[in-house]
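Dumped protein.txt below, it's compact mmCIF, C-alpha atoms:
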```txt
# COMPACT_ATOMS: atom_id res chain seq x y z
CA MET S 1 0.00 0.00 0.00
CA PRO S 2 2.46 2.66 -1.06
CA GLY S 3 -0.35 5.19 -1.18
CA ALA S 4 -1.33 4.55 2.45
CA HIS S 5 2.29 4.79 3.51
CA ARG S 6 2.60 8.07 1.68
CA THR S 7 -0.55 9.37 3.39
CA ALA S 8 0.54 8.27 6.86
CA ARG S 9 4.02 9.65 6.30
CA SER S 10 2.61 12.89 5.09
CA ARG S 11 0.23 13.13 8.06
CA TRP S 12 3.02 12.39 10.52
CA SER S 13 5.24 14.94 8.90
CA MET S 14 2.48 17.52 8.97
CA ARG S 15 1.66 16.68 12.59
CA THR S 16 5.30 16.96 13.51
CA LYS S 17 5.64 20.27 11.76
CA VAL S 18 2.51 21.74 13.33
CA MET S 19 3.44 20.50 16.78
CA SER S 20 6.97 21.72 16.49
CA ALA S 21 5.93 25.09 15.21
CA THR S 22 3.37 25.48 17.98
CA MET S 23 5.78 24.51 20.70
CA GLY S 24 8.44 26.67 19.21
CA THR S 25 6.14 29.66 19.28
CA VAL S 26 5.09 28.98 22.85
CA MET S 27 8.63 28.60 24.05
CA ALA S 28 9.83 31.65 22.19
CA GLY S 29 7.16 33.65 23.91
CA ALA S 30 7.99 32.21 27.28
CA THR S 31 11.65 32.91 26.77
CA ALA S 32 10.93 36.48 25.83
CA TYR S 33 8.78 36.88 28.94
CA ALA S 34 11.42 35.38 31.12
CA ALA S 35 13.99 37.71 29.68
CA THR S 36 12.00 40.72 30.79
CA ASN S 37 10.77 39.76 34.25
CA TRP S 38 13.31 38.92 36.90
CA PHE S 39 13.14 39.09 40.61
CA VAL S 40 16.48 40.18 41.90
CA GLY S 41 17.45 39.27 45.42
CA LEU S 42 20.26 40.17 47.74
CA ASN S 43 21.89 37.20 49.35
CA SER S 44 24.89 37.87 51.44
CA GLY S 45 28.14 36.87 49.85
CA SER S 46 26.66 34.79 47.08
CA THR S 47 27.07 34.78 43.35
CA ALA S 48 24.49 34.92 40.64
CA GLU S 49 22.08 32.05 40.50
CA GLY S 50 19.86 32.52 37.53
CA GLN S 51 18.01 29.33 36.74
CA SER S 52 18.76 29.23 33.08
CA ALA S 53 20.81 32.27 32.24
CA SER S 54 24.12 33.70 33.24
CA ILE S 55 23.35 36.82 35.25
CA SER S 56 25.95 38.71 37.18
CA ASN S 57 25.54 40.39 40.52
CA LEU S 58 24.38 43.92 40.94
CA THR S 59 26.41 45.95 43.38
CA ILE S 60 24.95 48.60 45.67
CA SER S 61 27.49 50.73 47.47
CA ALA S 62 27.71 53.88 49.55
CA ILE S 63 28.91 56.98 47.74
CA ALA S 64 29.78 60.45 49.03
CA SER S 65 28.73 62.46 46.01
CA PRO S 66 26.23 63.97 45.56
CA THR S 67 26.04 65.00 49.19
CA ALA S 68 22.83 64.39 51.06
CA THR S 69 20.44 67.32 51.31
CA ASN S 70 18.46 66.07 54.27
CA LEU S 71 20.68 65.22 57.20
CA LEU S 72 19.93 63.05 60.20
CA TYR S 73 19.48 64.24 63.76
CA PRO S 74 17.51 62.75 66.65
CA GLY S 75 13.92 62.21 65.62
CA ALA S 76 14.52 63.22 62.01
CA ASN S 77 14.91 61.49 58.65
CA GLY S 78 17.81 61.85 56.25
CA ASP S 79 18.82 61.02 52.71
CA VAL S 80 20.76 57.92 51.71
CA VAL S 81 23.09 58.15 48.74
CA LEU S 82 24.19 55.04 46.88
CA LYS S 83 25.46 53.73 43.59
CA VAL S 84 23.99 50.75 41.75
CA SER S 85 26.36 48.94 39.39
CA ASN S 86 24.99 46.61 36.76
CA PRO S 87 27.64 44.39 35.14
CA ASN S 88 25.13 42.66 32.88
CA ALA S 89 24.81 43.24 29.17
CA PHE S 90 21.18 44.25 29.57
CA PRO S 91 19.47 47.01 31.54
CA VAL S 92 18.06 46.16 34.95
CA THR S 93 15.11 48.03 36.44
CA LEU S 94 14.73 48.16 40.21
CA THR S 95 11.18 48.44 41.49
CA ALA S 96 11.42 47.69 45.21
CA VAL S 97 13.85 47.13 48.02
CA GLN S 98 13.77 44.67 50.89
CA LEU S 99 14.95 46.10 54.19
CA PRO S 100 16.60 44.63 57.25
CA ALA S 101 14.75 44.86 60.56
CA ASN S 102 14.31 48.28 62.13
CA THR S 103 16.48 47.16 65.01
CA THR S 104 19.47 46.81 62.73
CA TYR S 105 21.36 50.08 63.07
CA ALA S 106 23.97 51.75 60.94
CA ALA S 107 27.53 52.10 62.13
CA GLY S 108 29.00 55.59 62.33
CA TYR S 109 32.21 56.80 60.70
CA THR S 110 34.13 60.03 60.96
CA ASP S 111 34.74 60.27 57.22
CA SER S 112 32.64 59.94 54.08
CA ALA S 113 34.92 57.17 52.82
CA LEU S 114 33.72 55.12 55.79
CA ALA S 115 37.31 54.32 56.65
CA THR S 116 37.50 55.45 60.29
CA ALA S 117 34.91 54.21 62.75
CA ASN S 118 33.28 56.64 65.15
CA THR S 119 33.77 54.68 68.32
CA GLY S 120 31.08 56.61 70.18
CA CYS S 121 28.46 56.02 67.50
CA THR S 122 28.17 52.39 66.56
CA ALA S 123 25.71 49.90 65.14
CA THR S 124 24.72 49.27 68.74
CA ASN S 125 23.70 52.77 69.77
CA SER S 126 23.33 54.97 66.68
CA GLY S 127 19.59 54.41 66.30
CA VAL S 128 19.99 54.94 62.55
CA ALA S 129 17.85 52.53 60.52
CA TRP S 130 16.08 52.39 57.18
CA ASN S 131 12.90 54.41 57.19
CA PHE S 132 9.71 52.32 57.16
CA ALA S 133 11.63 49.19 58.09
CA THR S 134 9.63 46.84 60.27
CA ALA S 135 10.47 44.54 63.12
CA THR S 136 10.83 41.76 60.58
CA SER S 137 13.78 41.55 58.23
CA GLY S 138 12.96 41.43 54.54
CA SER S 139 9.97 43.76 54.39
CA SER S 140 9.47 44.96 50.84
CA HIS S 141 9.03 48.63 49.93
CA ALA S 142 8.19 49.81 46.44
CA LEU S 143 10.20 52.67 45.01
CA THR S 144 8.15 55.72 44.12
CA ALA S 145 9.36 55.24 40.54
CA PRO S 146 11.35 52.42 38.92
CA LEU S 147 15.08 52.95 38.50
CA THR S 148 16.73 51.52 35.39
CA VAL S 149 20.45 50.92 35.39
CA ALA S 150 21.97 50.78 31.91
CA ALA S 151 23.64 47.66 30.60
CA SER S 152 27.15 47.52 32.03
CA GLY S 153 26.42 50.83 33.68
CA THR S 154 26.05 52.54 37.02
CA LEU S 155 23.42 54.81 38.50
CA THR S 156 23.86 57.14 41.45
CA VAL S 157 20.70 57.54 43.50
CA THR S 158 19.69 59.72 46.42
CA LEU S 159 16.98 58.00 48.40
CA THR S 160 15.19 60.94 49.95
CA ASN S 161 14.59 60.61 53.69
CA ALA S 162 15.21 56.87 53.49
CA ALA S 163 17.02 56.80 56.83
CA SER S 164 15.74 57.66 60.27
CA MET S 165 17.50 58.43 63.54
CA ALA S 166 16.09 57.59 66.96
CA LEU S 167 15.68 60.30 69.61
CA SER S 168 18.07 58.33 71.75
CA ALA S 169 21.02 58.77 69.41
CA PRO S 170 23.98 59.94 71.47
CA ALA S 171 25.73 63.25 70.94
CA ALA S 172 28.70 61.32 69.60
CA CYS S 173 26.63 60.62 66.49
CA ALA S 174 26.55 64.31 65.54
CA GLY S 175 28.47 65.15 62.37
CA THR S 176 28.84 61.48 61.50
CA PHE S 177 28.68 59.44 58.30
CA PHE S 178 26.68 56.22 58.36
CA SER S 179 27.00 53.00 56.44
CA MET S 180 23.39 51.92 56.22
CA PRO S 181 22.54 48.33 57.16
CA SER S 182 22.75 46.05 54.15
CA LEU S 183 19.58 45.64 52.15
CA THR S 184 18.28 42.10 52.21
CA GLY S 185 17.09 42.21 48.61
CA VAL S 186 15.83 44.21 45.69
CA THR S 187 13.11 43.45 43.20
CA ALA S 188 14.12 44.09 39.63
CA THR S 189 13.21 43.33 36.08
CA GLY S 190 15.68 42.80 33.30
CA GLY S 191 15.46 43.60 29.65
CA ALA S 192 15.02 46.48 27.30
CA ALA S 193 14.38 49.75 29.11
CA THR S 194 15.60 53.30 28.97
CA ALA S 195 18.23 53.98 31.58
CA THR S 196 17.37 56.44 34.32
CA ALA S 197 19.42 59.61 34.08
CA GLY S 198 21.79 60.05 36.99
CA PRO S 199 22.15 61.26 39.56
CA ALA S 200 18.60 60.21 40.31
CA THR S 201 16.31 60.75 43.27
CA ASP S 202 13.89 58.19 44.60
CA SER S 203 12.53 56.69 47.78
CA TRP S 204 9.62 54.81 49.22
CA VAL S 205 6.80 56.18 51.32
CA SER S 206 5.51 53.19 53.23
CA MET N 1 9.29 3.36 5.73
CA ALA N 2 9.94 2.55 9.40
CA ALA N 3 13.23 4.33 9.11
CA THR N 4 11.44 7.42 7.89
CA TYR N 5 9.08 7.35 10.89
CA ARG N 6 12.00 6.95 13.25
CA ARG N 7 13.78 9.87 11.63
CA ASN N 8 10.69 12.02 12.01
CA ARG N 9 10.17 11.00 15.62
CA VAL N 10 13.79 11.56 16.52
CA ALA N 11 13.70 14.94 14.82
CA ALA N 12 10.54 15.91 16.68
CA ILE N 13 11.88 14.82 20.07
CA ALA N 14 15.16 16.54 19.41
CA LEU N 15 13.37 19.75 18.56
CA LEU N 16 11.12 19.58 21.61
CA THR N 17 14.07 18.79 23.84
CA LEU N 18 15.91 21.73 22.39
CA LEU N 19 12.93 23.92 23.17
CA GLY N 20 12.87 22.63 26.71
CA ILE N 21 9.56 20.79 26.55
CA VAL N 22 10.90 17.29 26.95
CA GLY N 23 13.70 15.98 29.11
CA ALA N 24 15.65 18.94 30.41
CA PRO N 25 14.32 21.35 33.07
CA HIS N 26 13.51 24.77 31.80
CA ALA N 27 13.32 28.27 33.19
CA GLN N 28 10.21 29.42 34.96
CA ALA N 29 9.23 32.69 33.42
CA GLY N 30 9.42 35.65 35.76
CA ALA N 31 10.96 33.81 38.70
CA TRP N 32 14.69 34.12 38.41
CA ASN N 33 16.57 34.87 41.54
CA VAL N 34 19.66 36.91 41.05
CA VAL N 35 22.07 37.92 43.72
CA VAL N 36 23.53 41.31 44.32
CA ALA N 37 26.59 42.25 46.31
CA ALA N 38 26.99 41.09 49.87
CA ASN N 39 27.09 44.53 51.45
CA ALA N 40 24.38 46.52 49.70
CA THR N 41 24.55 49.77 51.57
CA GLY N 42 24.22 53.51 51.21
CA LEU N 43 25.65 56.59 52.84
CA ALA N 44 23.71 58.76 55.27
CA GLN N 45 25.01 61.73 57.18
CA SER N 46 24.07 63.51 60.39
CA VAL N 47 23.99 67.13 61.38
CA ALA N 48 26.79 68.71 63.33
CA PRO N 49 24.92 71.39 65.33
CA GLN N 50 26.35 74.84 64.73
CA PRO N 51 25.84 77.95 66.89
CA PRO N 52 24.17 81.02 65.45
CA ALA N 53 26.57 82.95 63.27
CA THR N 54 25.75 86.29 64.83
CA VAL N 55 24.53 87.13 68.34
CA THR N 56 23.88 90.67 69.57
CA ALA N 57 22.84 92.20 72.89
CA THR N 58 20.92 95.49 72.95
CA CYS N 59 19.50 97.64 75.69
CA THR N 60 15.78 97.24 75.84
CA ALA N 61 13.83 100.53 75.64
CA PRO N 62 13.34 102.46 77.76
CA LEU N 63 17.00 102.57 78.67
CA THR N 64 16.04 103.07 82.27
CA ASP N 65 14.59 99.61 82.21
CA ARG N 66 17.03 97.08 83.64
CA SER N 67 16.78 94.65 80.76
CA ILE N 68 18.87 93.49 77.81
CA THR N 69 17.53 91.84 74.68
CA VAL N 70 19.63 89.12 73.07
CA SER N 71 19.04 88.38 69.36
CA TRP N 72 20.68 85.93 67.02
CA THR N 73 20.53 84.62 63.49
CA ASP N 74 18.70 81.38 62.86
CA ALA N 75 20.93 78.31 62.73
CA SER N 76 20.23 75.43 60.37
CA HIS N 77 18.54 72.37 61.86
CA ALA N 78 17.89 74.23 65.11
CA THR N 79 15.02 72.92 67.19
CA SER N 80 15.72 75.27 70.10
CA TYR N 81 18.41 77.49 71.60
CA VAL N 82 20.17 77.94 74.90
CA VAL N 83 21.22 81.42 76.06
CA TYR N 84 24.31 81.82 78.23
CA ARG N 85 25.31 84.85 80.31
CA SER N 86 28.53 85.94 81.96
CA THR N 87 29.29 88.81 84.32
CA THR N 88 32.94 87.88 84.48
CA SER N 89 34.40 88.45 81.01
CA SER N 90 33.76 87.73 77.37
CA THR N 91 35.60 84.44 77.67
CA ASP N 92 34.76 83.05 81.09
CA GLY N 93 31.95 82.54 83.53
CA PHE N 94 29.12 81.71 81.12
CA THR N 95 26.14 79.85 82.54
CA ALA N 96 22.87 78.91 80.91
CA VAL N 97 20.12 81.38 81.78
CA ALA N 98 17.45 80.29 79.29
CA THR N 99 16.73 76.96 77.61
CA ASP N 100 14.26 75.61 75.07
CA ILE N 101 14.00 78.98 73.34
CA THR N 102 12.37 78.44 69.97
CA SER N 103 12.52 82.02 68.72
CA THR N 104 15.65 83.99 67.84
CA THR N 105 15.31 86.60 70.56
CA TRP N 106 15.20 86.60 74.34
CA THR N 107 15.08 89.36 76.93
CA ASP N 108 17.00 89.31 80.19
CA THR N 109 15.11 91.31 82.80
CA ALA N 110 15.48 92.63 86.36
CA LEU N 111 19.21 92.91 85.99
CA LYS N 112 21.47 94.21 88.70
CA LYS N 113 24.37 96.61 88.30
CA ALA N 114 27.01 94.70 86.34
CA THR N 115 28.59 94.16 82.96
CA TYR N 116 26.97 91.42 80.89
CA TRP N 117 28.10 89.23 77.99
CA TYR N 118 25.87 86.71 76.23
CA ALA N 119 26.32 83.73 73.95
CA VAL N 120 23.89 81.26 72.34
CA ALA N 121 24.06 77.58 71.47
CA THR N 122 21.89 75.55 69.09
CA VAL N 123 20.03 72.40 70.09
CA THR N 124 19.23 69.93 67.31
CA GLY N 125 16.73 67.16 67.93
CA SER N 126 17.50 66.34 71.52
CA SER N 127 19.08 68.20 74.41
CA ALA N 128 22.17 66.05 74.06
CA TRP N 129 22.81 67.44 70.58
CA ILE N 130 23.97 70.94 71.39
CA SER N 131 26.43 73.09 69.51
CA PRO N 132 29.37 74.91 71.01
CA MET N 133 28.58 78.41 72.24
CA SER N 134 28.53 81.22 69.75
CA ASN N 135 30.98 84.07 69.89
CA PRO N 136 30.10 86.36 72.80
CA THR N 137 28.21 89.57 72.36
CA ALA N 138 29.71 92.95 73.04
CA ALA N 139 29.47 93.97 76.68
CA ARG N 140 26.39 95.73 78.04
CA GLN N 141 26.34 97.56 81.37
CA ILE N 142 23.57 98.12 83.85
CA THR N 143 24.46 101.10 85.99
CA THR N 144 23.14 102.20 89.34
CA THR N 145 20.92 104.90 87.83
CA PRO N 146 19.59 102.35 86.69
CA ARG N 147 20.49 102.67 83.06
CA CYS N 148 21.59 100.32 80.30
CA LEU N 149 24.69 101.26 78.37
```

Could you render the structure from this file as structure tokens?
Amino acid sequence: MPGAHRTARSRWSMRTKVMSATMGTVMAGATAYAATNWFVGLNSGSTAEGQSASISNLTISAIASPTATNLLYPGANGDVVLKVSNPNAFPVTLTAVQLPANTTYAAGYTDSALATANTGCTATNSGVAWNFATATSGSSHALTAPLTVAASGTLTVTLTNAASMALSAPAACAGTFFSMPSLTGVTATGGAATATAGPATDSWVS
Amino acid sequence: MAATYRRNRVAAIALLTLLGIVGAPHAQAGAWNVVVAANATGLAQSVAPQPPATVTATCTAPLTDRSITVSWTDASHATSYVVYRSTTSSTDGFTAVATDITSTTWTDTALKKATYWYAVATVTGSSAWISPMSNPTAARQITTTPRCL
């Protein structure tokens, strides 16, 4: 039955083609979605752990310029200035930060390079914490606007009034620079986006 | 014929495997965890309380009144001020005579015959956060008349 064989072969080939094309389309779409929606976490001392892509760490560091406009004093909030470095070949957009507990305080330094500790103003007594942090570590706080860091680029950001100082802060903490407690994570998406112009200003309000 | 089927099946499975449908695990869209640096921090800075830049002492009218008004320029981040007075000299003997002053003027009344110097310090946030004293004012005298000079 050569004819029947031809028909069956043709049907199988057509079925294969249709199935393959369908699956290919589905997976292409899924891949595209995955490439534009990533949750970015901060895990102490670890390296990138993307499930199916090679993604390098972001770095968030303290920076002295631009100088903060709003300064801390007992009972007041102050700005936090930082630099986000993105070593990846694609832009990354930060949408939220995860904060340590509000009982985790910043250590004080006598210089903006954070090289010399202020021995009278430490992580034990400074009372300087992230604003809106809760008693539980890892609380998430949405930025007022997303921040996009260019591919292989950096972005300097002033987080307005993102730090708070307790009324109990000792006088030794006056005129001091603070290394804010390490963020426990950030939420970010990766993929095509227009980089935010720096230096930028942002924060969260709850 | 069977060989052709096998070729087709192998090709299909290979394609699906390549696409991640069969065999190998595949990425879950929108759920990739990526790590950032270990010490993700930022820089904050605190105020160093500064005294008012200018402090003056003037005789309060009428001059026969035994009072002196102390005025000063507003200091940044000031929540209140402390006024100091000395009857010894412009450099010694200052003691606090008024605290928690939230305006930039204060009047010293019912003064006795003496020479008076004043200085002001800024409080920021809590009483523990106080600036050094400002430069002293010029001397003012209350005479026996009584009169303020």

**Q.** Residue nearest N:Ser127 - candidates S:Ala166, S:Val92, S:Leu82, S:Ala171, atoms counted: all atoms listed in the file
**A.**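 Checking each candidate against N:Ser127, we get S:Ala171 as the closest.
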
Q. Between S:Ser152, S:Ser203, S:Thr160, S:Thr116, which has the minimum distance to S:Thr69 (counting all atoms listed in the file)?
A. S:Thr160

Q. Skipping near chain neighbours, those fewer than 2 positions away, what residues fall within 6 Å of S:Ala142 using only C-alpha atoms, listed as a PyMOL selection string?
A. chain S and resi 95-96+204

For the selection you just gave me, I'd like the residues written to a file as a JSON list (two decimals), in the coordinates of the input, keeping C-alpha atoms.
```
[["chain", "number", "residue", "atom", "x", "y", "z"],
["S", 95, "THR", "CA", 11.18, 48.44, 41.49],
["S", 96, "ALA", "CA", 11.42, 47.69, 45.21],
["S", 204, "TRP", "CA", 9.62, 54.81, 49.22]]
```

Q: Just give me the gap between atom CA of N:Ala75 and atom CA of N:Ser103 in Å, one decimal is fine.
A: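 Between atom CA of N:Ala75 and atom CA of N:Ser103 the gap is 11.0 Å.
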
(Q) Need to verify the contact set: N:His77, 9 Å, all atoms listed in the file, exclusion of same-chain residues closer than 5 positions in sequence. Can you return it as a ChimeraX atom specification? (A) /S:71,73 /N:47,49-50,122-125

(Q) Just to confirm, what's the straight-line distance from atom CA of S:Thr59 to atom CA of S:Asn88 in Å (one decimal)? (A) 11.1 Å

Please rebuild stretch 108-122 of chain N with N, CA and C atoms and give the result as a JSON list (two decimals), in the coordinates of the input.
```json
[["chain", "number", "residue", "atom", "x", "y", "z"],
["N", 108, "ASP", "N", 16.53, 89.53, 78.82],
["N", 108, "ASP", "CA", 17.00, 89.31, 80.19],
["N", 108, "ASP", "C", 16.51, 90.49, 81.02],
["N", 109, "THR", "N", 15.75, 90.22, 82.04],
["N", 109, "THR", "CA", 15.11, 91.31, 82.80],
["N", 109, "THR", "C", 15.58, 91.34, 84.25],
["N", 110, "ALA", "N", 15.20, 92.45, 84.92],
["N", 110, "ALA", "CA", 15.48, 92.63, 86.36],
["N", 110, "ALA", "C", 16.96, 92.48, 86.67],
["N", 111, "LEU", "N", 17.77, 93.07, 85.82],
["N", 111, "LEU", "CA", 19.21, 92.91, 85.99],
["N", 111, "LEU", "C", 19.75, 93.86, 87.07],
["N", 112, "LYS", "N", 20.79, 93.40, 87.69],
["N", 112, "LYS", "CA", 21.47, 94.21, 88.70],
["N", 112, "LYS", "C", 22.64, 94.95, 88.06],
["N", 113, "LYS", "N", 23.21, 95.86, 88.81],
["N", 113, "LYS", "CA", 24.37, 96.61, 88.30],
["N", 113, "LYS", "C", 25.52, 95.64, 88.01],
["N", 114, "ALA", "N", 25.89, 95.58, 86.72],
["N", 114, "ALA", "CA", 27.01, 94.70, 86.34],
["N", 114, "ALA", "C", 27.27, 94.87, 84.84],
["N", 115, "THR", "N", 28.32, 94.22, 84.39],
["N", 115, "THR", "CA", 28.59, 94.16, 82.96],
["N", 115, "THR", "C", 28.21, 92.76, 82.49],
["N", 116, "TYR", "N", 27.53, 92.70, 81.34],
["N", 116, "TYR", "CA", 26.97, 91.42, 80.89],
["N", 116, "TYR", "C", 27.46, 91.06, 79.47],
["N", 117, "TRP", "N", 27.79, 89.79, 79.31],
["N", 117, "TRP", "CA", 28.10, 89.23, 77.99],
["N", 117, "TRP", "C", 27.15, 88.04, 77.77],
["N", 118, "TYR", "N", 26.80, 87.82, 76.55],
["N", 118, "TYR", "CA", 25.87, 86.71, 76.23],
["N", 118, "TYR", "C", 26.44, 85.86, 75.08],
["N", 119, "ALA", "N", 25.99, 84.64, 75.06],
["N", 119, "ALA", "CA", 26.32, 83.73, 73.95],
["N", 119, "ALA", "C", 25.13, 82.77, 73.79],
["N", 120, "VAL", "N", 25.04, 82.15, 72.62],
["N", 120, "VAL", "CA", 23.89, 81.26, 72.34],
["N", 120, "VAL", "C", 24.41, 79.95, 71.72],
["N", 121, "ALA", "N", 23.76, 78.87, 72.07],
["N", 121, "ALA", "CA", 24.06, 77.58, 71.47],
["N", 121, "ALA", "C", 22.80, 77.00, 70.83],
["N", 122, "THR", "N", 23.00, 76.15, 69.85],
["N", 122, "THR", "CA", 21.89, 75.55, 69.09],
["N", 122, "THR", "C", 21.65, 74.11, 69.55]]
```
